file upload-v3.tsv (TSV, C-alpha atoms)
chain	number	residue	atom	x	y	z
A	648	MET	CA	19.65	14.01	-156.17
A	649	LEU	CA	22.02	14.24	-159.11
A	650	SER	CA	21.37	15.25	-162.69
A	651	GLU	CA	23.55	15.35	-165.79
A	652	ILE	CA	23.18	17.92	-168.54
A	653	ASP	CA	24.44	16.92	-171.99
A	654	THR	CA	26.43	19.77	-173.53
A	655	THR	CA	28.11	18.26	-176.58
A	656	ARG	CA	29.06	21.17	-178.81
A	657	ASN	CA	30.63	20.12	-182.07
A	658	ASN	CA	31.35	23.70	-183.08
A	659	LEU	CA	33.71	24.42	-180.16
A	660	THR	CA	37.29	25.12	-181.25
A	661	PRO	CA	40.30	26.60	-179.46
A	662	PHE	CA	40.98	30.32	-179.63
A	663	THR	CA	44.16	30.11	-181.71
A	664	HIS	CA	43.51	27.22	-184.11
A	665	ILE	CA	40.81	24.83	-185.25
A	666	THR	CA	40.53	21.33	-183.80
A	667	PRO	CA	37.59	18.94	-183.38
A	668	PRO	CA	36.06	18.58	-179.90
A	669	ARG	CA	37.89	16.00	-177.81
A	670	ALA	CA	35.55	15.51	-174.86
A	671	CYS	CA	31.83	15.59	-174.19
A	672	LEU	CA	31.35	17.50	-170.94
A	673	GLN	CA	28.36	17.36	-168.62
A	674	ALA	CA	27.69	19.17	-165.37
A	675	VAL	CA	26.69	16.85	-162.52
A	676	SER	CA	24.49	18.90	-160.25
A	677	GLY	CA	23.15	18.41	-156.75
A	678	TYR	CA	26.31	18.40	-154.68
A	679	PHE	CA	26.61	22.14	-154.03
A	680	VAL	CA	24.06	24.82	-153.18
A	681	GLN	CA	25.47	26.88	-156.07
A	682	ASP	CA	24.12	24.22	-158.47
A	683	ALA	CA	20.54	25.41	-157.99
A	684	PRO	CA	19.26	27.59	-160.87
A	685	THR	CA	18.03	30.12	-158.31
A	686	ALA	CA	21.30	30.23	-156.34
A	687	ALA	CA	22.30	33.82	-155.53
A	688	SER	CA	26.00	34.43	-155.04
A	689	THR	CA	25.28	37.64	-153.14
A	690	VAL	CA	23.42	35.57	-150.53
A	691	ILE	CA	25.73	32.54	-150.52
A	692	GLY	CA	28.92	34.61	-150.31
A	693	PRO	CA	32.34	34.29	-151.98
A	694	THR	CA	33.68	31.36	-149.89
A	695	PRO	CA	30.75	29.88	-147.93
A	696	GLU	CA	30.99	27.21	-145.27
A	697	PHE	CA	31.99	23.88	-146.85
A	698	PHE	CA	32.30	25.90	-150.09
A	699	GLY	CA	28.55	25.28	-150.43
A	700	LEU	CA	28.68	21.47	-150.14
A	701	VAL	CA	25.11	20.31	-149.47
A	702	SER	CA	26.03	17.28	-147.35
A	703	GLU	CA	28.51	19.30	-145.24
A	704	SER	CA	30.76	16.23	-145.22
A	705	TRP	CA	33.91	16.22	-147.34
A	706	PRO	CA	34.67	12.53	-146.61
A	707	GLU	CA	31.16	11.62	-147.81
A	708	PHE	CA	31.61	13.75	-150.93
A	709	GLU	CA	35.01	12.26	-151.67
A	710	ALA	CA	33.55	8.76	-151.32
A	711	GLU	CA	30.76	9.68	-153.78
A	712	ILE	CA	33.25	10.92	-156.38
A	713	LEU	CA	35.42	7.84	-155.89
A	714	LYS	CA	32.37	5.64	-156.45
A	715	LEU	CA	31.52	7.49	-159.67
A	716	ASN	CA	35.05	7.04	-160.98
A	717	SER	CA	35.18	3.40	-159.89
A	718	ASN	CA	32.04	2.53	-161.85
A	719	ARG	CA	32.88	4.47	-165.01
A	720	SER	CA	33.84	3.15	-168.43
A	721	GLU	CA	37.32	3.48	-169.91
A	722	PHE	CA	36.75	6.82	-171.62
A	723	VAL	CA	34.65	8.45	-168.88
A	724	SER	CA	35.88	10.26	-165.78
A	725	TYR	CA	34.50	12.63	-163.16
A	726	LYS	CA	36.45	15.64	-162.00
A	727	VAL	CA	35.90	18.29	-159.36
A	728	LEU	CA	36.88	21.78	-160.49
A	729	PHE	CA	37.60	24.50	-157.92
A	730	LEU	CA	37.04	27.64	-160.01
A	731	ALA	CA	38.42	30.71	-158.26
A	732	ARG	CA	38.08	34.32	-159.36
A	733	HIS	CA	40.99	36.67	-158.71
A	734	GLY	CA	40.81	39.34	-156.02
A	735	GLU	CA	39.93	42.95	-156.76
A	736	GLY	CA	42.23	44.71	-159.23
A	737	ASN	CA	42.59	48.36	-160.15
A	738	HIS	CA	40.42	47.79	-163.22
A	739	ASN	CA	37.55	46.57	-161.03
A	740	VAL	CA	37.76	49.79	-159.03
A	741	ALA	CA	37.73	51.86	-162.23
A	742	GLU	CA	34.71	50.01	-163.66
A	743	VAL	CA	32.73	50.74	-160.50
A	744	LYS	CA	33.92	54.35	-160.56
A	745	TYR	CA	32.81	55.05	-164.14
A	746	GLY	CA	29.99	52.55	-164.60
A	747	GLN	CA	30.00	49.61	-166.99
A	748	LYS	CA	28.83	51.49	-170.10
A	749	ALA	CA	31.42	54.25	-169.86
A	750	TRP	CA	34.04	51.69	-168.87
A	751	ASP	CA	33.42	49.45	-171.86
A	752	GLU	CA	33.11	52.27	-174.37
A	753	TYR	CA	35.95	54.55	-173.27
A	754	TRP	CA	37.89	54.07	-170.06
A	755	ALA	CA	38.78	50.39	-170.55
A	756	LEU	CA	40.62	51.35	-173.74
A	757	LEU	CA	43.01	53.56	-171.75
A	758	ASP	CA	45.82	52.59	-169.37
A	759	GLY	CA	44.44	54.66	-166.50
A	760	ASP	CA	43.24	58.05	-165.30
A	761	THR	CA	44.90	60.74	-163.21
A	762	GLY	CA	44.80	58.65	-160.03
A	763	LEU	CA	44.69	55.00	-161.07
A	764	ILE	CA	46.60	52.71	-163.45
A	765	TRP	CA	44.79	49.62	-164.70
A	766	GLY	CA	46.59	48.64	-167.87
A	767	PRO	CA	48.27	46.68	-169.02
A	768	ASP	CA	47.86	43.75	-166.59
A	769	PRO	CA	46.83	45.49	-163.35
A	770	ARG	CA	47.88	44.28	-159.92
A	771	LEU	CA	45.61	43.49	-157.01
A	772	THR	CA	44.45	46.34	-154.83
A	773	ALA	CA	44.94	46.15	-151.07
A	774	ILE	CA	41.34	44.91	-150.89
A	775	GLY	CA	42.12	42.30	-153.55
A	776	GLU	CA	45.06	40.99	-151.57
A	777	GLU	CA	42.87	40.81	-148.48
A	778	GLN	CA	40.25	38.86	-150.45
A	779	ALA	CA	42.91	36.35	-151.47
A	780	ARG	CA	43.99	36.01	-147.83
A	781	ASN	CA	40.34	35.45	-146.89
A	782	ALA	CA	40.24	32.66	-149.48
A	783	HIS	CA	43.37	31.24	-147.85
A	784	ALA	CA	41.63	31.25	-144.48
A	785	ALA	CA	38.60	29.53	-146.03
A	786	TRP	CA	40.81	26.77	-147.44
A	787	GLU	CA	42.49	26.30	-144.04
A	788	ARG	CA	39.03	26.03	-142.46
A	789	GLU	CA	37.88	23.42	-144.97
A	790	ILE	CA	41.13	21.44	-144.76
A	791	LEU	CA	40.35	20.87	-141.09
A	792	ARG	CA	36.99	19.46	-142.24
A	793	GLY	CA	38.61	17.13	-144.77
A	794	VAL	CA	38.31	18.95	-148.11
A	795	PRO	CA	40.39	17.17	-150.78
A	796	ILE	CA	43.48	19.20	-151.67
A	797	PRO	CA	43.62	19.85	-155.43
A	798	GLN	CA	46.04	17.59	-157.29
A	799	LYS	CA	46.68	20.08	-160.10
A	800	PHE	CA	46.78	23.87	-160.03
A	801	TYR	CA	46.19	25.89	-163.19
A	802	CYS	CA	46.26	29.66	-163.50
A	803	SER	CA	45.64	32.52	-165.91
A	804	PRO	CA	48.80	34.36	-167.03
A	805	LEU	CA	47.43	37.70	-165.80
A	806	THR	CA	49.09	39.05	-162.68
A	807	ARG	CA	45.92	39.48	-160.64
A	808	ALA	CA	45.14	35.78	-160.98
A	809	ILE	CA	48.68	34.57	-160.31
A	810	ARG	CA	49.00	36.69	-157.19
A	811	THR	CA	45.58	35.49	-155.97
A	812	LEU	CA	46.65	31.85	-156.32
A	813	GLU	CA	49.95	32.60	-154.59
A	814	LEU	CA	48.24	34.17	-151.58
A	815	THR	CA	45.35	31.70	-151.46
A	816	PHE	CA	47.52	28.59	-151.33
A	817	GLU	CA	50.50	29.93	-149.40
A	818	SER	CA	51.65	27.13	-147.05
A	819	ILE	CA	48.81	24.94	-148.42
A	820	LEU	CA	50.18	24.05	-151.85
A	821	PRO	CA	51.97	20.69	-151.64
A	822	ALA	CA	55.73	21.10	-152.02
A	823	HIS	CA	55.91	18.82	-155.06
A	824	LEU	CA	53.27	20.77	-156.99
A	825	ARG	CA	54.01	23.90	-158.99
A	826	PRO	CA	51.06	25.82	-160.46
A	827	LEU	CA	50.96	25.85	-164.26
A	828	ILE	CA	50.29	29.10	-166.11
A	829	VAL	CA	48.01	28.42	-169.08
A	830	GLU	CA	47.42	31.05	-171.77
A	831	ASN	CA	43.86	29.96	-172.50
A	832	CYS	CA	42.79	30.46	-168.87
A	833	ARG	CA	42.97	34.22	-169.35
A	834	GLU	CA	40.06	36.65	-169.28
A	835	GLU	CA	37.97	37.67	-172.27
A	836	ASN	CA	40.69	39.21	-174.38
A	837	GLY	CA	41.40	42.23	-176.54
A	838	GLU	CA	40.60	45.96	-176.58
A	839	HIS	CA	40.60	46.42	-172.80
A	840	THR	CA	44.13	47.20	-171.66
A	841	CYS	CA	43.58	45.44	-168.33
A	842	ASP	CA	43.42	42.13	-170.20
A	843	ARG	CA	46.78	42.51	-171.94
A	844	ARG	CA	49.39	40.39	-170.18
A	845	ARG	CA	53.03	41.07	-169.40
A	846	THR	CA	55.93	39.29	-171.09
A	847	ARG	CA	56.97	35.82	-170.02
A	848	PRO	CA	60.29	37.04	-168.49
A	849	GLU	CA	58.42	39.65	-166.43
A	850	ILE	CA	55.96	37.07	-165.12
A	851	GLN	CA	58.76	34.60	-164.40
A	852	ARG	CA	60.73	37.25	-162.51
A	853	ASP	CA	57.84	38.07	-160.19
A	854	PHE	CA	56.51	34.52	-159.79
A	855	PRO	CA	59.46	32.10	-159.89
A	856	ASN	CA	57.48	29.28	-158.25
A	857	PHE	CA	55.13	28.95	-161.23
A	858	ASP	CA	55.70	26.92	-164.38
A	859	PHE	CA	54.56	27.81	-167.90
A	860	GLU	CA	52.72	25.48	-170.23
A	861	GLU	CA	54.71	24.20	-173.20
A	862	GLY	CA	54.75	26.74	-176.04
A	863	PHE	CA	53.89	29.76	-173.85
A	864	GLU	CA	54.88	32.82	-175.92
A	865	GLU	CA	57.38	35.44	-174.76
A	866	GLU	CA	55.06	38.27	-175.82
A	867	ASP	CA	51.29	38.58	-175.65
A	868	VAL	CA	50.42	37.49	-179.19
A	869	LEU	CA	46.70	37.05	-178.49
A	870	TRP	CA	45.71	40.54	-177.36
A	871	SER	CA	44.42	42.84	-180.12
A	872	LEU	CA	42.41	46.03	-180.53
A	873	GLU	CA	39.29	43.95	-181.20
A	874	ARG	CA	37.31	42.54	-178.28
A	875	GLU	CA	37.09	38.76	-178.17
A	876	THR	CA	33.60	37.30	-178.51
A	877	LYS	CA	31.87	35.26	-175.82
A	878	LYS	CA	31.84	32.29	-178.21
A	879	SER	CA	35.61	32.55	-178.61
A	880	VAL	CA	36.14	32.50	-174.84
A	881	GLU	CA	33.96	29.38	-174.69
A	882	LYS	CA	36.20	27.78	-177.30
A	883	ARG	CA	39.30	28.53	-175.23
A	884	ALA	CA	37.67	27.26	-172.04
A	885	LYS	CA	36.62	24.07	-173.82
A	886	LEU	CA	40.20	23.53	-175.00
A	887	VAL	CA	41.47	23.76	-171.41
A	888	LEU	CA	38.83	21.32	-170.17
A	889	ASP	CA	39.60	18.92	-173.01
A	890	ARG	CA	43.24	19.02	-172.00
A	891	ILE	CA	42.41	18.29	-168.36
A	892	PHE	CA	40.22	15.30	-169.17
A	893	GLU	CA	42.73	13.91	-171.68
A	894	ASN	CA	45.97	14.45	-169.78
A	895	ASP	CA	45.10	14.51	-166.08
A	896	ARG	CA	43.77	10.95	-166.02
A	897	ASP	CA	45.01	10.25	-162.49
A	898	GLU	CA	43.89	13.56	-160.98
A	899	THR	CA	40.33	14.17	-159.83
A	900	TYR	CA	40.52	17.49	-157.97
A	901	ILE	CA	41.63	20.45	-160.08
A	902	SER	CA	42.11	24.09	-159.05
A	903	ILE	CA	41.86	26.86	-161.66
A	904	THR	CA	42.45	30.48	-160.64
A	905	THR	CA	41.09	32.76	-163.33
A	906	HIS	CA	38.50	35.44	-164.15
A	907	SER	CA	34.74	35.95	-164.08
A	908	GLY	CA	34.33	35.90	-167.87
A	909	TRP	CA	36.30	32.68	-168.20
A	910	ILE	CA	34.38	31.01	-165.37
A	911	HIS	CA	31.08	32.00	-167.02
A	912	SER	CA	32.34	30.38	-170.22
A	913	VAL	CA	33.19	27.14	-168.41
A	914	LEU	CA	29.72	27.03	-166.88
A	915	ARG	CA	28.12	27.50	-170.29
A	916	VAL	CA	30.31	24.79	-171.83
A	917	ILE	CA	29.25	22.24	-169.19
A	918	GLY	CA	25.61	23.29	-169.31
A	919	ARG	CA	25.46	25.07	-165.97
A	920	GLU	CA	23.50	28.18	-165.07
A	921	ASN	CA	25.55	31.35	-164.85
A	922	TYR	CA	26.86	32.07	-161.35
A	923	PRO	CA	28.29	35.58	-160.89
A	924	LEU	CA	31.24	35.41	-158.52
A	925	ALA	CA	32.50	38.33	-156.46
A	926	THR	CA	36.21	39.05	-156.66
A	927	GLY	CA	38.04	36.53	-154.50
A	928	GLY	CA	35.13	34.08	-154.79
A	929	LEU	CA	35.05	30.34	-155.47
A	930	VAL	CA	32.57	27.96	-157.08
A	931	VAL	CA	33.03	24.18	-157.10
A	932	VAL	CA	31.60	22.09	-159.94
A	933	VAL	CA	31.50	18.36	-160.64
A	934	VAL	CA	31.99	17.51	-164.31
A	935	LYS	CA	31.57	14.27	-166.19
A	936	GLY	CA	33.86	14.02	-169.20
A	937	THR	CA	33.73	11.46	-171.98
A	938	VAL	CA	36.87	11.51	-174.10
A	939	LEU	CA	36.01	11.12	-177.79
A	940	ASN	CA	38.01	9.13	-180.33
call {"tool": "encode", "arguments": {"input": "upload-v3.tsv", "output": "structure tokens"}}
result
Amino acid sequence: MLSEIDTTRNNLTPFTHITPPRACLQAVSGYFVQDAPTAASTVIGPTPEFFGLVSESWPEFEAEILKLNSNRSEFVSYKVLFLARHGEGNHNVAEVKYGQKAWDEYWALLDGDTGLIWGPDPRLTAIGEEQARNAHAAWEREILRGVPIPQKFYCSPLTRAIRTLELTFESILPAHLRPLIVENCREENGEHTCDRRRTRPEIQRDFPNFDFEEGFEEEDVLWSLERETKKSVEKRAKLVLDRIFENDRDETYISITTHSGWIHSVLRVIGRENYPLATGGLVVVVVKGTVLN
């Protein structure tokens, strides 16, 4: 039923500085319908029943993951990543309005048009907020079926992702857990004004129940007039995953609320097929990580 895909990539480095790879990451497929190479997100939907779990039994799934972690070696662990895309933002509306080519070449470089503001750091639209509430309802549905509650919550520093997490896990997030804002969980960066974040004080003012990772800059020092490459986003995604497998030794279930480009990068890093998520959508992946000396 299960298969592992070796994706060791010795050339992966973080976005801001060079470091050797710290974990070998492998997708473990077969647990979710989204794992199939032919899986179509438009057919499966953004938050399907059981989040796409093939067995339709969360207790059975949890027992399987526990068994994998019980039989592992010292430097190996298995983690379940709940990868959530933010709800619709103003920039998503503008891209549909103008088409991807015109958006990428002209409109994305601006802050808005006569009727819509999308940069910097656009908020969710009313539809986007509703999508996040739908995700909340999906989590409540699956909690009744026994889905494991994530033990760590990570989030992009962009407002659309933070607000999506806030709405999705309202009244669900355990009281002792505060989501952590991580710079490298942000969308493909640069050039597009929608991907330029606000200052740390502005984010903290609007989202006081979130913590910032150590060293989080006051200003957005990463955004530039040059568009970040896909390979660079992969490097940032790999750095985040390395950190999770190194530091979150006692946590198995991890939630990351982020962006489509970043999720695509994670899937490439672990050797998974691309899986285009609609705004407000969720894909769950099982990952085997071997921490390297």
call {"tool": "residues_around", "arguments": {"input": "upload-v3.tsv", "residues": "segment 814-817 of chain A", "least_positions_apart": "3", "cutoff": "6 Å", "atoms": "all atoms listed in the file", "output": "PDB file with C-alpha atoms, keeping the file's coordinate frame"}}
result
ATOM      1  CA  ALA A 779      42.910  36.350-151.470  1.00  0.00           C
ATOM      2  CA  ARG A 780      43.990  36.010-147.830  1.00  0.00           C
ATOM      3  CA  ALA A 782      40.240  32.660-149.480  1.00  0.00           C
ATOM      4  CA  HIS A 783      43.370  31.240-147.850  1.00  0.00           C
ATOM      5  CA  THR A 811      45.580  35.490-155.970  1.00  0.00           C
ATOM      6  CA  LEU A 820      50.180  24.050-151.850  1.00  0.00           C
TER       7      LEU A 820
END
call {"tool": "residues_around", "arguments": {"input": "upload-v3.tsv", "residues": "Asn921 of chain A", "least_positions_apart": "6", "cutoff": "8 Å", "atoms": "all atoms listed in the file", "output": "list in words"}}
result
His911, Leu914 and Arg915 of chain A
call {"tool": "closest_residue", "arguments": {"input": "upload-v3.tsv", "among": "A:Ser871, A:Ser702, A:Asn894, A:Asn718", "to": "Val938 of chain A", "atoms": "only C-alpha atoms"}}
result
A:Asn894
call {"tool": "residues_around", "arguments": {"input": "upload-v3.tsv", "residues": "Glu721 of chain A", "least_positions_apart": "4", "cutoff": "12 Å", "atoms": "all atoms listed in the file", "output": "PyMOL selection string"}}
result
chain A and resi 716-717+725+893+896+936-940
call {"tool": "closest_residue", "arguments": {"input": "upload-v3.tsv", "among": "A:Ile764, A:Cys671, A:Ala710, A:Leu757", "to": "Pro795 of chain A", "atoms": "all atoms listed in the file"}}
result
A:Ala710
call {"tool": "atom_distance", "arguments": {"input": "upload-v3.tsv", "atom1": "atom CA of Arg807 of chain A", "atom2": "atom CA of Ser676 of chain A"}}
result
29.7 Å
call {"tool": "residues_around", "arguments": {"input": "upload-v3.tsv", "residues": "Pro848 of chain A", "least_positions_apart": "3", "cutoff": "12 Å", "atoms": "only C-alpha atoms", "output": "short mmCIF file (atom, residue, chain, number, x, y, z; two decimals) with C-alpha atoms, in the frame of the given file"}}
result
data_model
loop_
_atom_site.label_atom_id
_atom_site.label_comp_id
_atom_site.auth_asym_id
_atom_site.auth_seq_id
_atom_site.Cartn_x
_atom_site.Cartn_y
_atom_site.Cartn_z
CA PRO A 804 48.80 34.36 -167.03
CA ARG A 844 49.39 40.39 -170.18
CA ARG A 845 53.03 41.07 -169.40
CA GLN A 851 58.76 34.60 -164.40
CA ARG A 852 60.73 37.25 -162.51
CA ASP A 853 57.84 38.07 -160.19
CA PHE A 854 56.51 34.52 -159.79
CA PRO A 855 59.46 32.10 -159.89
CA ASP A 858 55.70 26.92 -164.38
CA PHE A 859 54.56 27.81 -167.90
CA PHE A 863 53.89 29.76 -173.85
CA GLU A 864 54.88 32.82 -175.92
CA GLU A 865 57.38 35.44 -174.76
CA GLU A 866 55.06 38.27 -175.82
CA ASP A 867 51.29 38.58 -175.65
#
call {"tool": "atom_distance", "arguments": {"input": "upload-v3.tsv", "atom1": "atom CA of Ile790 of chain A", "atom2": "atom CA of Gly775 of chain A"}}
result
22.7 Å
call {"tool": "closest_residue", "arguments": {"input": "upload-v3.tsv", "among": "A:Leu728, A:Cys841, A:Val934, A:Ala785", "to": "Val740 of chain A", "atoms": "only C-alpha atoms"}}
result
A:Cys841
call {"tool": "closest_residue", "arguments": {"input": "upload-v3.tsv", "among": "A:Thr905, A:Thr876, A:Ser720, A:Thr772", "to": "Glu830 of chain A", "atoms": "all atoms listed in the file"}}
result
A:Thr905
call {"tool": "atom_distance", "arguments": {"input": "upload-v3.tsv", "atom1": "atom CA of Pro693 of chain A", "atom2": "atom CA of Glu752 of chain A"}}
result
28.7 Å
call {"tool": "residues_around", "arguments": {"input": "upload-v3.tsv", "residues": "Leu805 of chain A", "least_positions_apart": "3", "cutoff": "12 Å", "atoms": "all atoms listed in the file", "output": "PDB file with C-alpha atoms, in the coordinates of the input"}}
result
ATOM      1  CA  ARG A 732      38.080  34.320-159.360  1.00  0.00           C
ATOM      2  CA  HIS A 733      40.990  36.670-158.710  1.00  0.00           C
ATOM      3  CA  GLY A 734      40.810  39.340-156.020  1.00  0.00           C
ATOM      4  CA  GLY A 736      42.230  44.710-159.230  1.00  0.00           C
ATOM      5  CA  GLY A 766      46.590  48.640-167.870  1.00  0.00           C
ATOM      6  CA  PRO A 767      48.270  46.680-169.020  1.00  0.00           C
ATOM      7  CA  ASP A 768      47.860  43.750-166.590  1.00  0.00           C
ATOM      8  CA  PRO A 769      46.830  45.490-163.350  1.00  0.00           C
ATOM      9  CA  ARG A 770      47.880  44.280-159.920  1.00  0.00           C
ATOM     10  CA  LEU A 771      45.610  43.490-157.010  1.00  0.00           C
ATOM     11  CA  CYS A 802      46.260  29.660-163.500  1.00  0.00           C
ATOM     12  CA  ALA A 808      45.140  35.780-160.980  1.00  0.00           C
ATOM     13  CA  ILE A 809      48.680  34.570-160.310  1.00  0.00           C
ATOM     14  CA  ARG A 810      49.000  36.690-157.190  1.00  0.00           C
ATOM     15  CA  THR A 811      45.580  35.490-155.970  1.00  0.00           C
ATOM     16  CA  LEU A 812      46.650  31.850-156.320  1.00  0.00           C
ATOM     17  CA  ILE A 828      50.290  29.100-166.110  1.00  0.00           C
ATOM     18  CA  VAL A 829      48.010  28.420-169.080  1.00  0.00           C
ATOM     19  CA  GLU A 830      47.420  31.050-171.770  1.00  0.00           C
ATOM     20  CA  ASN A 831      43.860  29.960-172.500  1.00  0.00           C
ATOM     21  CA  CYS A 832      42.790  30.460-168.870  1.00  0.00           C
ATOM     22  CA  ARG A 833      42.970  34.220-169.350  1.00  0.00           C
ATOM     23  CA  GLU A 834      40.060  36.650-169.280  1.00  0.00           C
ATOM     24  CA  GLU A 835      37.970  37.670-172.270  1.00  0.00           C
ATOM     25  CA  ASN A 836      40.690  39.210-174.380  1.00  0.00           C
ATOM     26  CA  THR A 840      44.130  47.200-171.660  1.00  0.00           C
ATOM     27  CA  CYS A 841      43.580  45.440-168.330  1.00  0.00           C
ATOM     28  CA  ASP A 842      43.420  42.130-170.200  1.00  0.00           C
ATOM     29  CA  ARG A 843      46.780  42.510-171.940  1.00  0.00           C
ATOM     30  CA  ARG A 844      49.390  40.390-170.180  1.00  0.00           C
ATOM     31  CA  ARG A 845      53.030  41.070-169.400  1.00  0.00           C
ATOM     32  CA  THR A 846      55.930  39.290-171.090  1.00  0.00           C
ATOM     33  CA  ARG A 847      56.970  35.820-170.020  1.00  0.00           C
ATOM     34  CA  GLU A 849      58.420  39.650-166.430  1.00  0.00           C
ATOM     35  CA  ILE A 850      55.960  37.070-165.120  1.00  0.00           C
ATOM     36  CA  GLN A 851      58.760  34.600-164.400  1.00  0.00           C
ATOM     37  CA  ASP A 853      57.840  38.070-160.190  1.00  0.00           C
ATOM     38  CA  PHE A 854      56.510  34.520-159.790  1.00  0.00           C
ATOM     39  CA  ASP A 867      51.290  38.580-175.650  1.00  0.00           C
ATOM     40  CA  THR A 904      42.450  30.480-160.640  1.00  0.00           C
ATOM     41  CA  THR A 905      41.090  32.760-163.330  1.00  0.00           C
ATOM     42  CA  HIS A 906      38.500  35.440-164.150  1.00  0.00           C
TER      43      HIS A 906
END
call {"tool": "residues_near_point", "arguments": {"input": "upload-v3.tsv", "point": "(36.9, 29.1, -151.6)", "cutoff": "9 Å", "atoms": "all atoms listed in the file", "output": "mmCIF file with C-alpha atoms, keeping the file's coordinate frame"}}
result
data_model
loop_
_atom_site.group_PDB
_atom_site.id
_atom_site.type_symbol
_atom_site.label_atom_id
_atom_site.label_comp_id
_atom_site.auth_asym_id
_atom_site.auth_seq_id
_atom_site.Cartn_x
_atom_site.Cartn_y
_atom_site.Cartn_z
ATOM 1 C CA PRO A 693 32.340 34.290 -151.980
ATOM 2 C CA THR A 694 33.680 31.360 -149.890
ATOM 3 C CA PRO A 695 30.750 29.880 -147.930
ATOM 4 C CA GLU A 696 30.990 27.210 -145.270
ATOM 5 C CA PHE A 697 31.990 23.880 -146.850
ATOM 6 C CA PHE A 698 32.300 25.900 -150.090
ATOM 7 C CA PHE A 729 37.600 24.500 -157.920
ATOM 8 C CA LEU A 730 37.040 27.640 -160.010
ATOM 9 C CA ALA A 731 38.420 30.710 -158.260
ATOM 10 C CA ASN A 781 40.340 35.450 -146.890
ATOM 11 C CA ALA A 782 40.240 32.660 -149.480
ATOM 12 C CA HIS A 783 43.370 31.240 -147.850
ATOM 13 C CA ALA A 784 41.630 31.250 -144.480
ATOM 14 C CA ALA A 785 38.600 29.530 -146.030
ATOM 15 C CA TRP A 786 40.810 26.770 -147.440
ATOM 16 C CA GLU A 789 37.880 23.420 -144.970
ATOM 17 C CA THR A 815 45.350 31.700 -151.460
ATOM 18 C CA GLY A 927 38.040 36.530 -154.500
ATOM 19 C CA GLY A 928 35.130 34.080 -154.790
ATOM 20 C CA LEU A 929 35.050 30.340 -155.470
ATOM 21 C CA VAL A 930 32.570 27.960 -157.080
ATOM 22 C CA VAL A 931 33.030 24.180 -157.100
#
call {"tool": "closest_residue", "arguments": {"input": "upload-v3.tsv", "among": "A:Val880, A:Leu827, A:Ala773, A:Leu672", "to": "Ser724 of chain A", "atoms": "only C-alpha atoms"}}
result
A:Leu672
call {"tool": "closest_residue", "arguments": {"input": "upload-v3.tsv", "among": "A:Trp870, A:Trp754, A:Tyr900, A:Phe679", "to": "Tyr801 of chain A", "atoms": "only C-alpha atoms"}}
result
A:Tyr900
call {"tool": "residues_near_point", "arguments": {"input": "upload-v3.tsv", "point": "(44.2, 21.8, -159.7)", "cutoff": "6 Å", "atoms": "only C-alpha atoms", "output": "list of chain:residue names"}}
result
A:Pro797, A:Gln798, A:Lys799, A:Phe800, A:Tyr801, A:Tyr900, A:Ile901, A:Ser902, A:Ile903
